[in-house]
$ cat protein-v4.pdb   # PDB, C-alpha atoms, pLDDT in the B column
MODEL        1
ATOM      1  CA  MET A  12       1.796  16.109   2.250  1.00 68.00           C
ATOM      2  CA  ALA A  13       3.235  15.146   5.612  1.00 91.00           C
ATOM      3  CA  VAL A  14       6.203  13.332   7.044  1.00 94.00           C
ATOM      4  CA  LEU A  15       4.852  11.037   9.746  1.00 95.00           C
ATOM      5  CA  PRO A  16       6.609   9.567  12.795  1.00 96.00           C
ATOM      6  CA  ILE A  17       7.852   6.009  12.293  1.00 97.00           C
ATOM      7  CA  LEU A  18       7.140   3.511  15.060  1.00 97.00           C
ATOM      8  CA  ARG A  19      10.104   1.679  16.511  1.00 96.00           C
ATOM      9  CA  TRP A  20      10.414  -1.784  17.988  1.00 96.00           C
ATOM     10  CA  PRO A  21       9.094  -2.919  20.491  1.00 95.00           C
ATOM     11  CA  ASP A  22       5.854  -1.008  19.722  1.00 96.00           C
ATOM     12  CA  LYS A  23       3.089  -3.665  19.744  1.00 96.00           C
ATOM     13  CA  ARG A  24       1.481  -2.270  16.581  1.00 96.00           C
ATOM     14  CA  LEU A  25       4.491  -3.583  14.654  1.00 97.00           C
ATOM     15  CA  THR A  26       3.533  -7.152  15.541  1.00 97.00           C
ATOM     16  CA  THR A  27      -0.189  -6.822  14.743  1.00 96.00           C
ATOM     17  CA  VAL A  28      -1.737  -8.440  11.664  1.00 97.00           C
ATOM     18  CA  CYS A  29      -3.309  -5.704   9.551  1.00 95.00           C
ATOM     19  CA  SER A  30      -6.855  -5.605   8.174  1.00 93.00           C
ATOM     20  CA  ALA A  31      -7.861  -5.227   4.531  1.00 90.00           C
ATOM     21  CA  ASN A  32      -7.962  -1.638   3.391  1.00 74.00           C
ATOM     22  CA  ILE A  33     -11.104  -0.489   1.597  1.00 74.00           C
ATOM     23  CA  ALA A  34     -10.982   3.237   2.371  1.00 74.00           C
ATOM     24  CA  ASP A  35      -9.568   6.058   0.268  1.00 78.00           C
ATOM     25  CA  VAL A  36      -5.834   5.558   0.583  1.00 90.00           C
ATOM     26  CA  ALA A  37      -4.400   8.200  -1.756  1.00 93.00           C
ATOM     27  CA  ALA A  38      -3.576  10.754   0.970  1.00 93.00           C
ATOM     28  CA  LEU A  39      -2.176   8.109   3.331  1.00 95.00           C
ATOM     29  CA  ALA A  40      -0.027   6.636   0.540  1.00 96.00           C
ATOM     30  CA  ALA A  41       1.297  10.108  -0.367  1.00 96.00           C
ATOM     31  CA  ASP A  42       2.192  10.801   3.274  1.00 96.00           C
ATOM     32  CA  MET A  43       3.857   7.399   3.525  1.00 97.00           C
ATOM     33  CA  LEU A  44       5.978   8.083   0.441  1.00 97.00           C
ATOM     34  CA  ASP A  45       7.021  11.468   1.877  1.00 97.00           C
ATOM     35  CA  THR A  46       7.895   9.737   5.153  1.00 97.00           C
ATOM     36  CA  MET A  47       9.837   6.952   3.424  1.00 97.00           C
ATOM     37  CA  TYR A  48      11.920   9.361   1.349  1.00 96.00           C
ATOM     38  CA  ALA A  49      12.579  11.648   4.350  1.00 96.00           C
ATOM     39  CA  ALA A  50      13.818   8.638   6.340  1.00 96.00           C
ATOM     40  CA  GLN A  51      16.038   7.537   3.428  1.00 94.00           C
ATOM     41  CA  GLY A  52      14.118   4.247   3.141  1.00 95.00           C
ATOM     42  CA  ARG A  53      13.115   2.191   0.143  1.00 96.00           C
ATOM     43  CA  GLY A  54       9.895   0.814   1.595  1.00 97.00           C
ATOM     44  CA  LEU A  55       7.403   1.617   4.335  1.00 98.00           C
ATOM     45  CA  ALA A  56       4.384  -0.340   5.549  1.00 98.00           C
ATOM     46  CA  ALA A  57       1.286   1.249   7.075  1.00 97.00           C
ATOM     47  CA  PRO A  58       1.765  -0.329  10.522  1.00 97.00           C
ATOM     48  CA  GLN A  59       5.137   1.415  10.752  1.00 98.00           C
ATOM     49  CA  ILE A  60       3.270   4.725  10.975  1.00 97.00           C
ATOM     50  CA  GLY A  61       0.515   3.329  13.206  1.00 96.00           C
ATOM     51  CA  SER A  62      -2.122   2.527  10.555  1.00 95.00           C
ATOM     52  CA  LEU A  63      -3.070  -1.137  10.850  1.00 95.00           C
ATOM     53  CA  THR A  64      -4.138  -1.473   7.220  1.00 94.00           C
ATOM     54  CA  ARG A  65      -2.810  -3.632   4.400  1.00 96.00           C
ATOM     55  CA  LEU A  66      -0.860  -0.973   2.540  1.00 97.00           C
ATOM     56  CA  PHE A  67       2.805  -0.434   1.777  1.00 98.00           C
ATOM     57  CA  VAL A  68       4.825   1.878  -0.428  1.00 98.00           C
ATOM     58  CA  MET A  69       8.125   1.155  -2.111  1.00 98.00           C
ATOM     59  CA  ASP A  70      10.725   2.734  -4.331  1.00 97.00           C
ATOM     60  CA  ALA A  71      13.415   0.112  -4.813  1.00 91.00           C
ATOM     61  CA  THR A  72      15.531   2.178  -7.212  1.00 89.00           C
ATOM     62  CA  TRP A  73      15.331   5.832  -6.152  1.00 83.00           C
ATOM     63  CA  LYS A  74      18.738   5.862  -4.486  1.00 82.00           C
ATOM     64  CA  ALA A  75      20.328   4.851  -7.788  1.00 83.00           C
ATOM     65  CA  GLY A  76      18.501   7.353  -9.978  1.00 85.00           C
ATOM     66  CA  THR A  77      15.056   8.633 -10.783  1.00 85.00           C
ATOM     67  CA  PRO A  78      12.335   7.957  -8.208  1.00 91.00           C
ATOM     68  CA  ALA A  79       9.760   5.313  -9.201  1.00 94.00           C
ATOM     69  CA  PRO A  80       7.307   5.216  -6.277  1.00 97.00           C
ATOM     70  CA  GLN A  81       4.849   2.336  -6.037  1.00 97.00           C
ATOM     71  CA  VAL A  82       1.797   1.882  -3.810  1.00 98.00           C
ATOM     72  CA  PHE A  83       0.494  -1.578  -2.884  1.00 98.00           C
ATOM     73  CA  VAL A  84      -2.980  -1.824  -1.339  1.00 97.00           C
ATOM     74  CA  ASN A  85      -4.206  -5.199  -0.028  1.00 96.00           C
ATOM     75  CA  PRO A  86      -1.179  -7.044  -1.471  1.00 98.00           C
ATOM     76  CA  GLU A  87      -1.047 -10.807  -1.646  1.00 98.00           C
ATOM     77  CA  ILE A  88       2.050 -12.842  -2.469  1.00 98.00           C
ATOM     78  CA  LEU A  89       0.815 -15.505  -4.876  1.00 98.00           C
ATOM     79  CA  TRP A  90       4.116 -17.297  -5.406  1.00 98.00           C
ATOM     80  CA  ARG A  91       7.688 -17.296  -4.113  1.00 98.00           C
ATOM     81  CA  SER A  92      10.623 -18.819  -5.956  1.00 98.00           C
ATOM     82  CA  ALA A  93      12.313 -21.869  -4.497  1.00 98.00           C
ATOM     83  CA  GLU A  94      15.615 -20.069  -5.008  1.00 97.00           C
ATOM     84  CA  THR A  95      16.591 -17.966  -2.010  1.00 97.00           C
ATOM     85  CA  ALA A  96      19.400 -15.619  -1.131  1.00 96.00           C
ATOM     86  CA  VAL A  97      20.696 -14.313   2.179  1.00 97.00           C
ATOM     87  CA  GLY A  98      21.408 -10.623   2.313  1.00 95.00           C
ATOM     88  CA  PRO A  99      21.519  -7.600   4.602  1.00 96.00           C
ATOM     89  CA  GLU A 100      18.229  -5.872   5.427  1.00 96.00           C
ATOM     90  CA  GLY A 101      17.649  -2.671   7.297  1.00 95.00           C
ATOM     91  CA  CYS A 102      14.309  -1.542   8.675  1.00 97.00           C
ATOM     92  CA  LEU A 103      13.116   1.945   9.529  1.00 97.00           C
ATOM     93  CA  SER A 104      11.475   0.507  12.666  1.00 98.00           C
ATOM     94  CA  LEU A 105      14.720  -1.188  13.741  1.00 97.00           C
ATOM     95  CA  PRO A 106      17.113   1.737  13.306  1.00 92.00           C
ATOM     96  CA  GLU A 107      20.846   1.373  13.071  1.00 86.00           C
ATOM     97  CA  ILE A 108      20.986  -2.403  12.713  1.00 94.00           C
ATOM     98  CA  THR A 109      21.241  -4.535   9.612  1.00 95.00           C
ATOM     99  CA  LEU A 110      20.336  -8.207   9.712  1.00 97.00           C
ATOM    100  CA  ASP A 111      21.143 -11.012   7.261  1.00 96.00           C
ATOM    101  CA  ILE A 112      17.800 -12.478   6.153  1.00 97.00           C
ATOM    102  CA  SER A 113      16.991 -15.307   3.730  1.00 97.00           C
ATOM    103  CA  ARG A 114      14.373 -14.370   1.119  1.00 98.00           C
ATOM    104  CA  ALA A 115      13.004 -15.783  -2.117  1.00 98.00           C
ATOM    105  CA  THR A 116      14.740 -14.166  -5.096  1.00 98.00           C
ATOM    106  CA  SER A 117      11.434 -13.764  -7.002  1.00 98.00           C
ATOM    107  CA  VAL A 118       7.812 -13.235  -5.980  1.00 98.00           C
ATOM    108  CA  LYS A 119       4.516 -12.857  -7.806  1.00 98.00           C
ATOM    109  CA  LEU A 120       2.318 -10.209  -6.197  1.00 98.00           C
ATOM    110  CA  ARG A 121      -1.331  -9.232  -6.632  1.00 98.00           C
ATOM    111  CA  TRP A 122      -2.373  -5.834  -5.274  1.00 98.00           C
ATOM    112  CA  GLN A 123      -4.624  -2.853  -5.788  1.00 96.00           C
ATOM    113  CA  ASP A 124      -3.506   0.669  -6.570  1.00 95.00           C
ATOM    114  CA  VAL A 125      -4.964   3.812  -4.952  1.00 94.00           C
ATOM    115  CA  GLN A 126      -7.898   3.714  -7.405  1.00 92.00           C
ATOM    116  CA  MET A 127      -8.434   0.061  -6.318  1.00 91.00           C
ATOM    117  CA  ALA A 128      -7.565  -1.351  -9.762  1.00 95.00           C
ATOM    118  CA  VAL A 129      -6.086  -4.858  -9.459  1.00 97.00           C
ATOM    119  CA  HIS A 130      -2.557  -5.639 -10.687  1.00 98.00           C
ATOM    120  CA  GLU A 131      -0.319  -8.728 -10.789  1.00 98.00           C
ATOM    121  CA  GLN A 132       3.403  -8.738 -11.438  1.00 98.00           C
ATOM    122  CA  THR A 133       6.473 -10.856 -10.807  1.00 98.00           C
ATOM    123  CA  PHE A 134       9.312  -9.033  -9.071  1.00 98.00           C
ATOM    124  CA  THR A 135      12.940 -10.125  -8.845  1.00 97.00           C
ATOM    125  CA  GLY A 136      16.115  -9.036  -7.106  1.00 94.00           C
ATOM    126  CA  PHE A 137      16.007  -6.191  -4.621  1.00 94.00           C
ATOM    127  CA  ALA A 138      12.370  -5.339  -5.446  1.00 96.00           C
ATOM    128  CA  ALA A 139      11.339  -8.903  -4.504  1.00 98.00           C
ATOM    129  CA  ILE A 140      13.252  -8.664  -1.221  1.00 97.00           C
ATOM    130  CA  CYS A 141      11.731  -5.275  -0.404  1.00 97.00           C
ATOM    131  CA  ILE A 142       8.214  -6.560  -1.166  1.00 98.00           C
ATOM    132  CA  GLN A 143       8.690  -9.564   1.143  1.00 98.00           C
ATOM    133  CA  HIS A 144      10.022  -7.298   3.895  1.00 98.00           C
ATOM    134  CA  GLU A 145       7.096  -4.860   3.680  1.00 98.00           C
ATOM    135  CA  TYR A 146       4.556  -7.671   3.254  1.00 98.00           C
ATOM    136  CA  ASP A 147       5.888  -9.226   6.452  1.00 98.00           C
ATOM    137  CA  HIS A 148       5.059  -5.966   8.277  1.00 98.00           C
ATOM    138  CA  LEU A 149       1.411  -6.324   7.210  1.00 98.00           C
ATOM    139  CA  ASN A 150       1.367  -9.730   8.895  1.00 98.00           C
ATOM    140  CA  GLY A 151       3.005  -8.544  12.115  1.00 98.00           C
ATOM    141  CA  VAL A 152       6.374 -10.076  11.221  1.00 98.00           C
ATOM    142  CA  LEU A 153       9.668  -8.243  11.712  1.00 98.00           C
ATOM    143  CA  THR A 154      13.110  -9.177  10.447  1.00 97.00           C
ATOM    144  CA  LEU A 155      13.853 -10.164  14.060  1.00 97.00           C
ATOM    145  CA  ASP A 156      11.349 -13.005  13.642  1.00 97.00           C
ATOM    146  CA  HIS A 157      13.519 -14.559  10.904  1.00 97.00           C
ATOM    147  CA  LEU A 158      16.501 -14.958  13.244  1.00 96.00           C
ATOM    148  CA  ASP A 159      17.484 -17.924  15.372  1.00 96.00           C
ATOM    149  CA  PRO A 160      17.053 -17.296  19.126  1.00 96.00           C
ATOM    150  CA  ALA A 161      20.691 -16.385  19.814  1.00 96.00           C
ATOM    151  CA  ALA A 162      20.903 -13.931  16.902  1.00 95.00           C
ATOM    152  CA  ARG A 163      17.555 -12.400  17.894  1.00 95.00           C
ATOM    153  CA  THR A 164      18.743 -11.852  21.473  1.00 96.00           C
ATOM    154  CA  THR A 165      21.874 -10.122  20.186  1.00 95.00           C
ATOM    155  CA  ALA A 166      19.850  -7.928  17.803  1.00 95.00           C
ATOM    156  CA  GLU A 167      17.328  -6.973  20.504  1.00 95.00           C
ATOM    157  CA  LYS A 168      20.144  -5.955  22.868  1.00 93.00           C
ATOM    158  CA  ALA A 169      21.537  -3.703  20.115  1.00 92.00           C
ATOM    159  CA  LEU A 170      18.134  -2.024  19.771  1.00 91.00           C
ATOM    160  CA  LEU A 171      17.633  -1.292  23.473  1.00 85.00           C
TER
ENDMDL
END

$ encode --input "protein-v4.pdb" --output "structure tokens"
Amino acid sequence: MAVLPILRWPDKRLTTVCSANIADVAALAADMLDTMYAAQGRGLAAPQIGSLTRLFVMDATWKAGTPAPQVFVNPEILWRSAETAVGPEGCLSLPEITLDISRATSVKLRWQDVQMAVHEQTFTGFAAICIQHEYDHLNGVLTLDHLDPAARTTAEKALL
């Protein structure tokens, strides 16, 4: 497998809405997992490596123990809890800054795996936050887009 370069803001591909993925994704997903682990991340979306497809990988718990990689092809958030929490989020495409972002504490997700079997599951806690973060990438949304104008200006200056 391969460790791929991760795009950094302000690359325009990071703000592009991705298309549905119907191709064989097993090799791409494996490369993305290798890339995510090498970068010490917990999630990575396809547009972050220049592939404008609806695919992200995640391992919300590997830093605390045994790796549990997950691959999400053509994900769709079906439901978000009304309860939200504000917490720090980092992003591999926005290196060296952490931003406080408000997210739903639970989400219900439908997705396909690499064999294109359909799954649905409700996620809570950090996994729910990570899913929302990566799902945003598939829609061309960065954590910067969740900030008020003054906070965004400050964050952008830190990135330049």

$ residues_around --input "protein-v4.pdb" --residues "range 61-68 of chain A" --least-positions-apart "4" --cutoff "6 Å" --atoms "all atoms listed in the file" --output "PDB file with C-alpha atoms, in the frame of the given file"
ATOM      1  CA  CYS A  29      -3.309  -5.704   9.551  1.00 95.00           C
ATOM      2  CA  SER A  30      -6.855  -5.605   8.174  1.00 93.00           C
ATOM      3  CA  ALA A  31      -7.861  -5.227   4.531  1.00 90.00           C
ATOM      4  CA  ASN A  32      -7.962  -1.638   3.391  1.00 74.00           C
ATOM      5  CA  GLY A  54       9.895   0.814   1.595  1.00 97.00           C
ATOM      6  CA  LEU A  55       7.403   1.617   4.335  1.00 98.00           C
ATOM      7  CA  ALA A  56       4.384  -0.340   5.549  1.00 98.00           C
ATOM      8  CA  ALA A  57       1.286   1.249   7.075  1.00 97.00           C
ATOM      9  CA  GLN A  81       4.849   2.336  -6.037  1.00 97.00           C
ATOM     10  CA  VAL A  82       1.797   1.882  -3.810  1.00 98.00           C
ATOM     11  CA  PHE A  83       0.494  -1.578  -2.884  1.00 98.00           C
ATOM     12  CA  VAL A  84      -2.980  -1.824  -1.339  1.00 97.00           C
ATOM     13  CA  ASN A  85      -4.206  -5.199  -0.028  1.00 96.00           C
ATOM     14  CA  LEU A 149       1.411  -6.324   7.210  1.00 98.00           C
TER      15      LEU A 149
END

$ closest_residue --input "protein-v4.pdb" --among "A:Ala40, A:Ile17, A:Thr26, A:Ala162" --to "Ile112 in chain A" --atoms "all atoms listed in the file"
A:Ala162

$ residues_around --input "protein-v4.pdb" --residues "Arg91 in chain A" --least-positions-apart "2" --cutoff "8 Å" --atoms "only C-alpha atoms" --output "number ranges by chain"
A: 88-89, 93, 115-119

$ atom_distance --input "protein-v4.pdb" --atom1 "CA of Asp22 in chain A" --atom2 "CA of Phe137 in chain A"
26.9 Å

$ resolve_selection --input "protein-v4.pdb" --expression "the PyMOL selection byres ((chain A and resi 80) around 6)" --output "PyMOL selection string"
chain A and resi 69-70+79+81

$ resolve_selection --input "protein-v4.pdb" --expression "the PyMOL selection byres ((chain A and resi 102) around 10)" --output "ChimeraX atom specification"
/A:19,52-55,59,100-101,103-110,144-145,153-154

$ closest_residue --input "protein-v4.pdb" --among "A:Tyr146, A:Glu87, A:Pro58, A:Glu94" --to "Val129 in chain A" --atoms "all atoms listed in the file"
A:Glu87

$ decode --input "protein-v4.pdb" --residues "range 108-127 of chain A" --atoms "N, CA and C atoms" --output "CSV table (one decimal), in the first residue's frame"
chain,number,residue,atom,x,y,z
A,108,ILE,N,-3.3,23.7,13.6
A,108,ILE,CA,-4.3,24.5,14.3
A,108,ILE,C,-5.4,23.6,14.7
A,109,THR,N,-6.0,23.9,15.8
A,109,THR,CA,-7.1,23.2,16.4
A,109,THR,C,-8.2,24.3,16.6
A,110,LEU,N,-9.4,23.9,16.1
A,110,LEU,CA,-10.5,24.9,16.2
A,110,LEU,C,-11.7,24.3,17.0
A,111,ASP,N,-12.3,25.1,17.8
A,111,ASP,CA,-13.5,24.7,18.6
A,111,ASP,C,-14.7,24.7,17.6
A,112,ILE,N,-15.3,23.5,17.4
A,112,ILE,CA,-16.5,23.4,16.5
A,112,ILE,C,-17.6,22.7,17.2
A,113,SER,N,-18.8,23.2,16.9
A,113,SER,CA,-20.1,22.6,17.5
A,113,SER,C,-20.5,21.5,16.6
A,114,ARG,N,-20.8,20.3,17.2
A,114,ARG,CA,-21.3,19.2,16.4
A,114,ARG,C,-22.4,18.5,17.2
A,115,ALA,N,-23.2,17.8,16.4
A,115,ALA,CA,-24.2,16.9,17.1
A,115,ALA,C,-23.4,15.8,17.8
A,116,THR,N,-24.0,15.4,19.0
A,116,THR,CA,-23.3,14.3,19.8
A,116,THR,C,-23.6,12.9,19.3
A,117,SER,N,-24.6,12.8,18.4
A,117,SER,CA,-24.9,11.5,17.8
A,117,SER,C,-25.4,11.7,16.4
A,118,VAL,N,-25.0,10.7,15.5
A,118,VAL,CA,-25.5,10.7,14.1
A,118,VAL,C,-25.9,9.3,13.7
A,119,LYS,N,-26.8,9.2,12.8
A,119,LYS,CA,-27.1,7.9,12.2
A,119,LYS,C,-26.6,8.0,10.8
A,120,LEU,N,-25.8,7.0,10.4
A,120,LEU,CA,-25.2,7.0,9.1
A,120,LEU,C,-25.5,5.8,8.3
A,121,ARG,N,-25.8,6.0,7.0
A,121,ARG,CA,-25.9,4.9,6.0
A,121,ARG,C,-24.7,5.0,5.1
A,122,TRP,N,-24.1,3.9,4.8
A,122,TRP,CA,-22.9,3.9,3.9
A,122,TRP,C,-22.8,2.5,3.2
A,123,GLN,N,-21.9,2.4,2.3
A,123,GLN,CA,-21.5,1.1,1.7
A,123,GLN,C,-20.0,0.8,2.1
A,124,ASP,N,-19.7,-0.5,2.2
A,124,ASP,CA,-18.4,-0.9,2.5
A,124,ASP,C,-17.7,-1.1,1.1
A,125,VAL,N,-16.4,-1.6,1.1
A,125,VAL,CA,-15.7,-1.7,-0.1
A,125,VAL,C,-16.3,-2.8,-1.1
A,126,GLN,N,-17.1,-3.7,-0.5
A,126,GLN,CA,-17.8,-4.7,-1.4
A,126,GLN,C,-19.2,-4.1,-1.8
A,127,MET,N,-19.5,-2.9,-1.4
A,127,MET,CA,-20.7,-2.1,-1.8
A,127,MET,C,-21.9,-2.7,-1.0
